[in-house]
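Chemist: Got a structure for you, my_file_26.cif, holding mmCIF, C-alpha atoms and all ligand atoms.
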```cif
data_upload
loop_
_atom_site.group_PDB
_atom_site.id
_atom_site.type_symbol
_atom_site.label_atom_id
_atom_site.label_comp_id
_atom_site.auth_asym_id
_atom_site.auth_seq_id
_atom_site.Cartn_x
_atom_site.Cartn_y
_atom_site.Cartn_z
ATOM 1 C CA MET H 82 0.000 0.000 0.000
ATOM 2 C CA ALA H 83 1.245 3.488 -0.828
ATOM 3 C CA SER H 84 2.784 5.510 1.980
ATOM 4 C CA PRO H 85 0.328 8.083 3.383
ATOM 5 C CA VAL H 86 2.203 11.208 2.384
ATOM 6 C CA ARG H 87 0.630 14.434 3.630
ATOM 7 C CA LYS H 88 1.472 17.129 1.100
ATOM 8 C CA THR H 89 1.197 20.880 1.605
ATOM 9 C CA CYS H 90 2.735 23.846 -0.148
ATOM 10 C CA ALA H 91 5.265 24.188 2.681
ATOM 11 C CA VAL H 92 6.093 20.739 4.049
ATOM 12 C CA THR H 93 5.656 17.142 2.998
ATOM 13 C CA PHE H 94 5.324 14.783 5.940
ATOM 14 C CA SER H 95 5.133 11.016 5.691
ATOM 15 C CA ILE H 96 3.913 9.308 8.848
ATOM 16 C CA GLU H 97 5.442 6.023 7.650
ATOM 17 C CA ASP H 98 8.848 7.639 7.221
ATOM 18 C CA TYR H 99 8.474 9.147 10.683
ATOM 19 C CA THR H 100 7.699 5.813 12.333
ATOM 20 C CA ARG H 101 10.797 4.393 10.618
ATOM 21 C CA ILE H 102 13.226 7.080 11.800
ATOM 22 C CA THR H 103 11.752 7.894 15.205
ATOM 23 C CA GLY H 104 13.765 6.788 18.197
ATOM 24 C CA LYS H 105 15.314 7.429 21.547
ATOM 25 C CA LEU H 106 17.535 10.500 21.416
ATOM 26 C CA ASP H 107 21.048 9.427 20.470
ATOM 27 C CA VAL H 108 23.440 10.718 23.146
ATOM 28 C CA GLU H 109 26.315 8.472 22.078
ATOM 29 C CA GLY H 110 29.517 10.491 22.394
ATOM 30 C CA VAL H 111 27.965 13.366 24.365
ATOM 31 C CA ASP H 112 30.567 13.964 27.055
ATOM 32 C CA PHE H 113 28.409 14.599 30.145
ATOM 33 C CA ASP H 114 31.560 14.310 32.314
ATOM 34 C CA SER H 115 32.911 17.490 30.727
ATOM 35 C CA PHE H 116 30.460 19.541 32.812
ATOM 36 C CA ALA H 117 32.469 18.785 35.973
ATOM 37 C CA PRO H 118 35.568 20.756 34.939
ATOM 38 C CA GLN H 119 33.571 23.143 32.708
ATOM 39 C CA PRO H 120 30.169 23.689 34.377
ATOM 40 C CA LEU H 121 27.305 25.672 32.913
ATOM 41 C CA ASP H 122 26.429 29.105 34.302
ATOM 42 C CA ALA H 123 23.520 29.570 36.715
ATOM 43 C CA ALA H 124 21.198 31.173 34.128
ATOM 44 C CA THR H 125 21.650 28.285 31.692
ATOM 45 C CA LEU H 126 20.967 25.736 34.423
ATOM 46 C CA ARG H 127 17.805 27.590 35.414
ATOM 47 C CA CYS H 128 16.571 27.403 31.809
ATOM 48 C CA LEU H 129 17.490 23.706 31.613
ATOM 49 C CA ARG H 130 15.449 22.936 34.738
ATOM 50 C CA TYR H 131 12.447 24.546 33.014
ATOM 51 C CA MET H 132 13.051 22.650 29.774
ATOM 52 C CA HIS H 133 13.521 19.359 31.630
ATOM 53 C CA ASP H 134 10.224 19.768 33.498
ATOM 54 C CA VAL H 135 8.284 20.796 30.398
ATOM 55 C CA GLU H 136 9.675 17.984 28.220
ATOM 56 C CA HIS H 137 8.659 15.531 30.945
ATOM 57 C CA HIS H 138 5.187 17.067 31.150
ATOM 58 C CA THR H 139 4.460 15.919 27.566
ATOM 59 C CA ILE H 140 2.800 12.730 28.784
ATOM 60 C CA CYS H 141 0.273 14.774 30.813
ATOM 61 C CA TYR H 142 -0.398 16.934 27.776
ATOM 62 C CA LEU H 143 -1.034 13.729 25.823
ATOM 63 C CA ARG H 144 -3.449 12.557 28.550
ATOM 64 C CA ASP H 145 -5.500 15.741 28.008
ATOM 65 C CA LEU H 146 -5.404 15.364 24.247
ATOM 66 C CA LEU H 147 -6.542 11.774 23.925
ATOM 67 C CA VAL H 148 -9.920 12.562 25.485
ATOM 68 C CA THR H 149 -10.661 14.926 22.585
ATOM 69 C CA ARG H 150 -11.720 14.398 18.970
ATOM 70 C CA VAL H 151 -8.008 14.403 18.030
ATOM 71 C CA HIS H 152 -7.918 10.680 18.898
ATOM 72 C CA ARG H 153 -10.254 9.918 15.985
ATOM 73 C CA ASP H 154 -7.460 10.505 13.442
ATOM 74 C CA PRO H 155 -5.217 7.393 13.420
ATOM 75 C CA GLU H 156 -2.320 9.169 11.704
ATOM 76 C CA ILE H 157 -2.329 11.833 14.397
ATOM 77 C CA THR H 158 -2.397 9.218 17.166
ATOM 78 C CA THR H 159 0.453 7.352 15.466
ATOM 79 C CA PHE H 160 2.474 10.560 15.459
ATOM 80 C CA LEU H 161 1.589 11.322 19.092
ATOM 81 C CA THR H 162 2.772 7.856 20.177
ATOM 82 C CA PHE H 163 6.316 8.473 18.972
ATOM 83 C CA TRP H 164 6.307 12.221 19.653
ATOM 84 C CA SER H 165 5.670 11.590 23.327
ATOM 85 C CA PHE H 166 8.427 8.923 23.370
ATOM 86 C CA GLU H 167 10.937 11.342 21.826
ATOM 87 C CA GLU H 168 10.008 14.183 24.206
ATOM 88 C CA TYR H 169 10.534 11.805 27.162
ATOM 89 C CA TRP H 170 14.119 11.190 26.065
ATOM 90 C CA HIS H 171 14.706 14.926 25.610
ATOM 91 C CA GLY H 172 13.754 15.328 29.261
ATOM 92 C CA GLU H 173 16.016 12.455 30.290
ATOM 93 C CA ALA H 174 19.001 13.866 28.372
ATOM 94 C CA ILE H 175 18.552 17.287 29.988
ATOM 95 C CA GLY H 176 18.187 15.500 33.333
ATOM 96 C CA ARG H 177 21.654 14.007 32.811
ATOM 97 C CA VAL H 178 23.062 17.527 32.366
ATOM 98 C CA LEU H 179 21.426 18.602 35.633
ATOM 99 C CA GLU H 180 22.752 15.489 37.390
ATOM 100 C CA ALA H 181 26.243 16.237 36.080
ATOM 101 C CA HIS H 182 25.937 19.490 38.088
ATOM 102 C CA GLY H 183 24.907 17.646 41.252
ATOM 103 C CA GLU H 184 21.188 18.391 40.794
ATOM 104 C CA ALA H 185 18.171 16.125 40.634
ATOM 105 C CA GLY H 186 16.980 15.002 37.211
ATOM 106 C CA GLY H 187 14.302 12.596 35.975
ATOM 107 C CA VAL H 188 11.847 11.185 38.530
ATOM 108 C CA ARG H 189 13.512 13.019 41.431
ATOM 109 C CA ARG H 190 12.433 16.314 39.806
ATOM 110 C CA ILE H 191 9.238 15.122 38.139
ATOM 111 C CA ALA H 192 7.569 13.687 41.257
ATOM 112 C CA PRO H 193 7.610 16.972 43.256
ATOM 113 C CA MET H 194 6.551 18.899 40.153
ATOM 114 C CA ARG H 195 3.496 16.667 39.644
ATOM 115 C CA ALA H 196 2.695 16.990 43.360
ATOM 116 C CA ARG H 197 2.603 20.797 43.231
ATOM 117 C CA LEU H 198 0.374 20.954 40.132
ATOM 118 C CA GLY H 199 -3.041 21.958 41.299
ATOM 119 C CA ARG H 200 -6.675 21.870 40.327
ATOM 120 C CA ARG H 201 -6.050 23.280 36.857
ATOM 121 C CA ASP H 202 -3.934 20.232 35.980
ATOM 122 C CA ARG H 203 -6.381 17.759 37.509
ATOM 123 C CA LEU H 204 -9.171 19.360 35.489
ATOM 124 C CA GLY H 205 -7.094 19.259 32.285
ATOM 125 C CA PRO H 206 -8.869 16.248 30.755
ATOM 126 C CA VAL H 207 -12.314 17.702 31.582
ATOM 127 C CA THR H 208 -11.429 21.110 30.122
ATOM 128 C CA SER H 209 -10.050 19.494 26.951
ATOM 129 C CA MET H 210 -13.048 17.212 26.566
ATOM 130 C CA LEU H 211 -15.477 20.125 26.889
ATOM 131 C CA SER H 212 -13.471 22.336 24.514
ATOM 132 C CA SER H 213 -13.417 19.541 21.959
ATOM 133 C CA ALA H 214 -17.147 18.883 22.318
ATOM 134 C CA LEU H 215 -17.971 22.583 21.874
ATOM 135 C CA THR H 216 -15.489 23.253 19.067
ATOM 136 C CA GLY H 217 -16.037 21.431 15.789
ATOM 137 C CA GLU H 218 -12.602 22.520 14.615
ATOM 138 C CA PHE H 219 -10.732 21.461 17.749
ATOM 139 C CA THR H 220 -8.195 19.386 15.783
ATOM 140 C CA ALA H 221 -7.219 22.386 13.638
ATOM 141 C CA VAL H 222 -6.807 24.487 16.785
ATOM 142 C CA HIS H 223 -4.688 21.840 18.430
ATOM 143 C CA MET H 224 -2.462 21.179 15.406
ATOM 144 C CA THR H 225 -1.801 24.927 15.105
ATOM 145 C CA TRP H 226 -1.121 25.167 18.835
ATOM 146 C CA GLY H 227 1.343 22.276 18.507
ATOM 147 C CA ALA H 228 3.135 23.929 15.564
ATOM 148 C CA ILE H 229 3.558 27.182 17.517
ATOM 149 C CA ASN H 230 4.827 25.343 20.589
ATOM 150 C CA GLU H 231 7.331 23.311 18.571
ATOM 151 C CA TRP H 232 8.562 26.459 16.745
ATOM 152 C CA SER H 233 8.962 28.161 20.133
ATOM 153 C CA THR H 234 10.716 25.174 21.691
ATOM 154 C CA GLN H 235 13.208 24.919 18.867
ATOM 155 C CA ALA H 236 13.854 28.673 19.031
ATOM 156 C CA GLY H 237 14.373 28.389 22.796
ATOM 157 C CA TYR H 238 16.953 25.608 22.418
ATOM 158 C CA ALA H 239 18.775 27.552 19.685
ATOM 159 C CA ARG H 240 18.883 30.662 21.880
ATOM 160 C CA LEU H 241 20.092 28.668 24.902
ATOM 161 C CA ALA H 242 22.908 27.069 22.880
ATOM 162 C CA ALA H 243 23.942 30.486 21.548
ATOM 163 C CA LYS H 244 23.914 32.106 24.996
ATOM 164 C CA ALA H 245 25.549 29.262 26.958
ATOM 165 C CA ARG H 246 28.439 28.813 24.486
ATOM 166 C CA HIS H 247 29.285 25.364 25.829
ATOM 167 C CA PRO H 248 30.291 22.912 23.064
ATOM 168 C CA VAL H 249 28.865 19.828 24.779
ATOM 169 C CA LEU H 250 25.538 21.499 25.520
ATOM 170 C CA THR H 251 25.421 22.829 21.946
ATOM 171 C CA ASP H 252 25.982 19.300 20.615
ATOM 172 C CA LEU H 253 23.204 17.885 22.815
ATOM 173 C CA LEU H 254 20.733 20.656 21.993
ATOM 174 C CA ARG H 255 21.416 20.286 18.252
ATOM 175 C CA ARG H 256 20.504 16.587 18.501
ATOM 176 C CA ILE H 257 17.281 17.481 20.325
ATOM 177 C CA MET H 258 16.502 20.221 17.789
ATOM 178 C CA ARG H 259 16.766 17.758 14.892
ATOM 179 C CA GLN H 260 13.890 15.787 16.407
ATOM 180 C CA GLU H 261 11.970 18.969 17.231
ATOM 181 C CA GLY H 262 12.272 19.816 13.527
ATOM 182 C CA ARG H 263 10.306 16.695 12.629
ATOM 183 C CA HIS H 264 7.656 17.612 15.203
ATOM 184 C CA ILE H 265 7.422 21.023 13.544
ATOM 185 C CA ASP H 266 6.984 19.397 10.127
ATOM 186 C CA PHE H 267 4.083 17.268 11.347
ATOM 187 C CA TYR H 268 2.178 19.911 13.292
ATOM 188 C CA SER H 269 2.675 22.702 10.760
ATOM 189 C CA SER H 270 1.627 20.553 7.786
ATOM 190 C CA GLU H 271 -1.483 19.387 9.664
ATOM 191 C CA ALA H 272 -2.311 22.940 10.756
ATOM 192 C CA ARG H 273 -1.845 24.381 7.263
ATOM 193 C CA LYS H 274 -4.029 21.730 5.650
ATOM 194 C CA ARG H 275 -6.858 22.084 8.170
ATOM 195 C CA LEU H 276 -6.808 25.884 8.200
ATOM 196 C CA ALA H 277 -6.657 26.124 4.402
ATOM 197 C CA ARG H 278 -9.885 24.179 3.926
ATOM 198 C CA SER H 279 -12.097 25.939 6.470
ATOM 199 C CA ARG H 280 -12.781 29.590 7.292
ATOM 200 C CA THR H 281 -14.477 28.397 10.484
ATOM 201 C CA ALA H 282 -11.263 26.626 11.496
ATOM 202 C CA GLN H 283 -9.350 29.854 10.886
ATOM 203 C CA ARG H 284 -11.799 31.883 12.992
ATOM 204 C CA MET H 285 -11.854 29.357 15.855
ATOM 205 C CA THR H 286 -8.074 29.020 15.861
ATOM 206 C CA ARG H 287 -7.521 32.798 15.848
ATOM 207 C CA LEU H 288 -9.952 33.171 18.724
ATOM 208 C CA ALA H 289 -8.404 30.344 20.767
ATOM 209 C CA LEU H 290 -4.843 31.549 20.242
ATOM 210 C CA ARG H 291 -5.668 35.186 20.972
ATOM 211 C CA ARG H 292 -7.525 34.368 24.177
ATOM 212 C CA PHE H 293 -5.768 31.328 25.594
ATOM 213 C CA TRP H 294 -2.294 30.806 24.120
ATOM 214 C CA THR H 295 0.618 31.150 26.536
ATOM 215 C CA PRO H 296 4.265 30.208 25.975
ATOM 216 C CA VAL H 297 5.271 26.545 26.255
ATOM 217 C CA GLY H 298 5.293 25.522 29.912
ATOM 218 C CA ALA H 299 3.588 28.674 31.220
ATOM 219 C CA GLY H 300 0.571 26.614 32.281
ATOM 220 C CA VAL H 301 2.604 24.380 34.596
ATOM 221 C CA MET H 302 5.736 26.308 35.579
ATOM 222 C CA PRO H 303 5.806 29.034 38.257
ATOM 223 C CA LYS H 304 5.451 32.541 36.783
ATOM 224 C CA PRO H 305 8.949 33.720 37.877
ATOM 225 C CA GLU H 306 10.461 30.800 35.946
ATOM 226 C CA VAL H 307 8.501 31.704 32.796
ATOM 227 C CA ASP H 308 9.541 35.349 33.218
ATOM 228 C CA PHE H 309 13.180 34.365 33.652
ATOM 229 C CA LEU H 310 13.339 31.986 30.691
ATOM 230 C CA ILE H 311 11.698 34.398 28.266
ATOM 231 C CA THR H 312 13.736 37.376 29.396
ATOM 232 C CA HIS H 313 17.031 35.462 29.379
ATOM 233 C CA LEU H 314 16.522 33.842 25.971
ATOM 234 C CA PHE H 315 14.535 36.407 24.023
ATOM 235 C CA ASP H 316 15.007 39.881 25.502
ATOM 236 C CA ASP H 317 18.009 40.957 23.419
ATOM 237 C CA ASP H 318 18.486 41.748 19.720
ATOM 238 C CA GLU H 319 18.976 38.122 18.617
ATOM 239 C CA GLY H 320 16.165 36.943 20.886
ATOM 240 C CA ARG H 321 13.720 39.542 19.600
ATOM 241 C CA GLU H 322 14.605 38.514 16.025
ATOM 242 C CA ALA H 323 13.958 34.863 16.956
ATOM 243 C CA ALA H 324 10.569 35.862 18.426
ATOM 244 C CA ALA H 325 9.747 37.860 15.281
ATOM 245 C CA ARG H 326 10.597 34.778 13.203
ATOM 246 C CA ILE H 327 8.066 32.722 15.189
ATOM 247 C CA ASP H 328 5.437 35.393 14.528
ATOM 248 C CA ARG H 329 6.266 35.408 10.799
ATOM 249 C CA ARG H 330 5.811 31.626 10.716
ATOM 250 C CA ILE H 331 2.394 31.961 12.375
ATOM 251 C CA ASP H 332 1.537 34.743 9.912
ATOM 252 C CA GLY H 333 2.268 32.251 7.103
ATOM 253 C CA LEU H 334 -0.524 29.902 8.227
ATOM 254 C CA PRO H 335 -3.868 30.435 6.453
ATOM 255 C CA GLY H 336 -5.959 33.123 8.164
ATOM 256 C CA LEU H 337 -3.595 33.718 11.087
ATOM 257 C CA GLU H 338 -1.808 36.895 10.030
ATOM 258 C CA GLY H 339 -1.045 39.594 12.574
ATOM 259 C CA LEU H 340 -1.567 37.727 15.863
ATOM 260 C CA GLY H 341 1.858 38.759 17.224
ATOM 261 C CA LEU H 342 1.820 36.022 19.890
ATOM 262 C CA ALA H 343 5.587 35.877 20.485
ATOM 263 C CA ARG H 344 5.918 39.680 20.568
ATOM 264 C CA ARG H 345 3.088 39.922 23.086
ATOM 265 C CA ALA H 346 4.620 37.148 25.215
ATOM 266 C CA LEU H 347 7.838 39.196 25.406
ATOM 267 C CA GLU H 348 5.826 42.156 26.714
ATOM 268 C CA ARG H 349 3.838 40.063 29.188
ATOM 269 C CA TYR H 350 6.599 37.952 30.752
ATOM 270 C CA HIS H 351 9.420 40.043 32.078
ATOM 271 C CA TRP H 352 11.879 39.000 34.738
ATOM 272 C CA ASP H 353 12.654 41.475 37.481
ATOM 273 C CA PRO H 354 15.952 40.414 39.157
ATOM 274 C CA SER H 355 15.023 42.268 42.365
ATOM 275 C CA LEU H 356 12.102 39.849 42.875
ATOM 276 C CA ASN H 357 14.127 36.612 42.491
HETATM 277 FE FE FE H 401 11.396 18.089 23.026
HETATM 278 FE FE FE H 402 8.886 18.592 20.224
#
```
Write out the structure in this file as structure tokens.

Modeler:
Amino acid sequence: MASPVRKTCAVTFSIEDYTRITGKLDVEGVDFDSFAPQPLDAATLRCLRYMHDVEHHTICYLRDLLVTRVHRDPEITTFLTFWSFEEYWHGEAIGRVLEAHGEAGGVRRIAPMRARLGRRDRLGPVTSMLSSALTGEFTAVHMTWGAINEWSTQAGYARLAAKARHPVLTDLLRRIMRQEGRHIDFYSSEARKRLARSRTAQRMTRLALRRFWTPVGAGVMPKPEVDFLITHLFDDDEGREAAARIDRRIDGLPGLEGLGLARRALERYHWDPSLN
């Protein structure tokens, strides 16, 4: 049977190719021991704690998603199966960097994080189920949301590598970013296709993004951590250009011009060193 190739004007994504190449992040040759004599700076470690926790939260995000109409599309659920597996290993790899600095990584960080998540997290599946039931175009909204989050994540890793200037961290983040690139291809091709065929999908997605979108992790991480990460990675010339690039990518999706989500996030989340 022919491979189910999903074609758009921007990206061609084959779910069969993806299931063939997906895998545990390859960390062969990454010299985690090099962090002992050449440790990362405090700001980089603070960002890595955030990224570790958010990568490991993917499975909870998946829990909320599978109770929605998204689960009806078998190609999407195939993608989500391997996507969640890959994100797990991103979290584990970052956990090894934290452990190389004498900090907790993996379950020793995840368990207390899960414990402090409150009612909003426990209600996640209910909120998603209701949103899906009330929104006929929920899958288009979610695919677009996923594309924006993957664009932002990849930009965040690129900015962290550039700011930290540590060759071993750069190597590790580049490996993670290669997999994030495939996540981008899937979500953005799905979003483009679904938005292009329905004005209602465009309207619903614009409304949802304008009213509810927050940067990756902002729903589960403490506000000072979100403020710090965004200010550290994006509040300089290169960072603002990276944020503008995310906005231009969103502008390129059918019917989503002019939302300015990344620019507005930079205005909304600002770290004040006197408060931390
Ligand atoms: Fe990831
Ligand atoms: Fe990803």

Chemist: One number please: CA of Gly205 (chain H) to CA of Thr281 (chain H), in Å, one decimal.

Modeler: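 Pair CA of Gly205 (chain H) / CA of Thr281 (chain H) returns 24.8 Å.
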
Chemist: For ligand FE 401 (chain H), list the contacting residues at 7 Å or closer, counting all atoms listed in the file, as a count of residues only.

Modeler: 6

Chemist: Interatomic distance between CA of Glu109 (chain H) and CA of Gly227 (chain H)?

Modeler: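 Here the two named atoms are 28.8 Å from each other.
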
Chemist: Please, which residues have at least one atom within 12 Å of an atom of ligand FE 402 (chain H), using only C-alpha atoms and all ligand atoms, listed as JSON, numbers by chain?

Modeler: {"H": [106, 132, 135, 136, 137, 138, 139, 160, 161, 163, 164, 165, 166, 167, 168, 169, 170, 171, 172, 227, 228, 229, 230, 231, 232, 233, 234, 235, 236, 237, 238, 256, 257, 258, 259, 260, 261, 262, 263, 264, 265, 266, 267, 268, 297]}

Chemist: Starting from the shown file, work through the PyMOL selection byres (((chain H and resi 146) around 10) and not hetatm) and note down what comes out as a list in words.

Modeler: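 Those residues are Ile140, Cys141, Tyr142, Leu143, Arg144, Asp145, Leu147, Val148, Thr149, Arg150, Val151, His152, Thr158, Leu161, Gly205, Pro206, Ser209, Met210, Ser213, Thr220 and His223 of chain H.
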
Chemist: For the provided coordinates, the residues matched by the PyMOL selection byres (((chain H and resi 278) around 12) and not hetatm) should be stated as a list of chain:residue names.

Modeler: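 In the shown coordinates, the PyMOL selection byres (((chain H and resi 278) around 12) and not hetatm) covers H:Thr89, H:Glu218, H:Ala221, H:Glu271, H:Ala272, H:Arg273, H:Lys274, H:Arg275, H:Leu276, H:Ala277, H:Ser279, H:Arg280, H:Thr281, H:Ala282, H:Gln283, H:Leu334, H:Pro335, H:Gly336.
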
Chemist: Go ahead and save the residues from that selection, with C-alpha atoms, as a PDB file, keeping the file's coordinate frame.

Modeler:
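Generated file (result.pdb):
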```
ATOM      1  CA  THR H  89       1.197  20.880   1.605  1.00  0.00           C
ATOM      2  CA  GLU H 218     -12.602  22.520  14.615  1.00  0.00           C
ATOM      3  CA  ALA H 221      -7.219  22.386  13.638  1.00  0.00           C
ATOM      4  CA  GLU H 271      -1.483  19.387   9.664  1.00  0.00           C
ATOM      5  CA  ALA H 272      -2.311  22.940  10.756  1.00  0.00           C
ATOM      6  CA  ARG H 273      -1.845  24.381   7.263  1.00  0.00           C
ATOM      7  CA  LYS H 274      -4.029  21.730   5.650  1.00  0.00           C
ATOM      8  CA  ARG H 275      -6.858  22.084   8.170  1.00  0.00           C
ATOM      9  CA  LEU H 276      -6.808  25.884   8.200  1.00  0.00           C
ATOM     10  CA  ALA H 277      -6.657  26.124   4.402  1.00  0.00           C
ATOM     11  CA  SER H 279     -12.097  25.939   6.470  1.00  0.00           C
ATOM     12  CA  ARG H 280     -12.781  29.590   7.292  1.00  0.00           C
ATOM     13  CA  THR H 281     -14.477  28.397  10.484  1.00  0.00           C
ATOM     14  CA  ALA H 282     -11.263  26.626  11.496  1.00  0.00           C
ATOM     15  CA  GLN H 283      -9.350  29.854  10.886  1.00  0.00           C
ATOM     16  CA  LEU H 334      -0.524  29.902   8.227  1.00  0.00           C
ATOM     17  CA  PRO H 335      -3.868  30.435   6.453  1.00  0.00           C
ATOM     18  CA  GLY H 336      -5.959  33.123   8.164  1.00  0.00           C
TER      19      GLY H 336
END
```

Chemist: Let me have the centre and edge lengths in Å, one decimal, of the box along x, y and z around every listed atom of region 264-278 of chain H with 8 Å of margin on each side, as JSON.

Modeler:
```
{"center_x": -1.1, "center_y": 21.7, "center_z": 9.6, "size_x": 33.5, "size_y": 24.9, "size_z": 27.3}
```

Chemist: With the file shown as input, list the residues that the PyMOL selection byres (((chain H and resi 112-121) around 7) and not hetatm) selects, as number ranges by chain.

Modeler: H: 110-111, 122-123, 125-126, 178, 181-182, 249

Chemist: Create the file for the chosen residues now, containing C-alpha atoms and written as a PDB file, keeping the file's coordinate frame.

Modeler:
```
ATOM      1  CA  GLY H 110      29.517  10.491  22.394  1.00  0.00           C
ATOM      2  CA  VAL H 111      27.965  13.366  24.365  1.00  0.00           C
ATOM      3  CA  ASP H 122      26.429  29.105  34.302  1.00  0.00           C
ATOM      4  CA  ALA H 123      23.520  29.570  36.715  1.00  0.00           C
ATOM      5  CA  THR H 125      21.650  28.285  31.692  1.00  0.00           C
ATOM      6  CA  LEU H 126      20.967  25.736  34.423  1.00  0.00           C
ATOM      7  CA  VAL H 178      23.062  17.527  32.366  1.00  0.00           C
ATOM      8  CA  ALA H 181      26.243  16.237  36.080  1.00  0.00           C
ATOM      9  CA  HIS H 182      25.937  19.490  38.088  1.00  0.00           C
ATOM     10  CA  VAL H 249      28.865  19.828  24.779  1.00  0.00           C
TER      11      VAL H 249
END
```

Chemist: Counting only C-alpha atoms, what is within 8 Å of region 298-314 of chain H, bar same-chain residues fewer than 3 positions away, as an MDAnalysis selection string?

Modeler: chainID H and resid 124 127:128 131 135 198 202 237 240:241 244 295 317 320 347 350:352 357

Chemist: Nearest to Arg284 (chain H) among H:Pro248, H:Val222, H:Ala243, H:Ser95, with distances taken over only C-alpha atoms: which residue is it?

Modeler: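 Of the candidates, the smallest distance to Arg284 (chain H) is held by H:Val222.
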
Chemist: Rounded to one decimal, what separation in Å do you get between CA of Ile327 (chain H) and CA of Ala343 (chain H)?

Modeler: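 Result for CA of Ile327 (chain H) versus CA of Ala343 (chain H): 6.6 Å, one decimal.
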
Chemist: What would the list of residues within 9 Å of (10.0, 14.0, 36.2) (file frame) look like as a ChimeraX atom specification, if all atoms listed in the file are what count?

Modeler: /H:133-134,136-138,172-173,176,186-195

Chemist: Mind dumping the selected residues with C-alpha atoms as a PDB file, in the frame of the given file?

Modeler:
```
ATOM      1  CA  HIS H 133      13.521  19.359  31.630  1.00  0.00           C
ATOM      2  CA  ASP H 134      10.224  19.768  33.498  1.00  0.00           C
ATOM      3  CA  GLU H 136       9.675  17.984  28.220  1.00  0.00           C
ATOM      4  CA  HIS H 137       8.659  15.531  30.945  1.00  0.00           C
ATOM      5  CA  HIS H 138       5.187  17.067  31.150  1.00  0.00           C
ATOM      6  CA  GLY H 172      13.754  15.328  29.261  1.00  0.00           C
ATOM      7  CA  GLU H 173      16.016  12.455  30.290  1.00  0.00           C
ATOM      8  CA  GLY H 176      18.187  15.500  33.333  1.00  0.00           C
ATOM      9  CA  GLY H 186      16.980  15.002  37.211  1.00  0.00           C
ATOM     10  CA  GLY H 187      14.302  12.596  35.975  1.00  0.00           C
ATOM     11  CA  VAL H 188      11.847  11.185  38.530  1.00  0.00           C
ATOM     12  CA  ARG H 189      13.512  13.019  41.431  1.00  0.00           C
ATOM     13  CA  ARG H 190      12.433  16.314  39.806  1.00  0.00           C
ATOM     14  CA  ILE H 191       9.238  15.122  38.139  1.00  0.00           C
ATOM     15  CA  ALA H 192       7.569  13.687  41.257  1.00  0.00           C
ATOM     16  CA  PRO H 193       7.610  16.972  43.256  1.00  0.00           C
ATOM     17  CA  MET H 194       6.551  18.899  40.153  1.00  0.00           C
ATOM     18  CA  ARG H 195       3.496  16.667  39.644  1.00  0.00           C
TER      19      ARG H 195
END
```

Chemist: Which of these, H:Ala325, H:Leu340, H:Glu319, H:Asp353, has the shortest distance to Trp294 (chain H) once you count only C-alpha atoms?

Modeler: H:Leu340
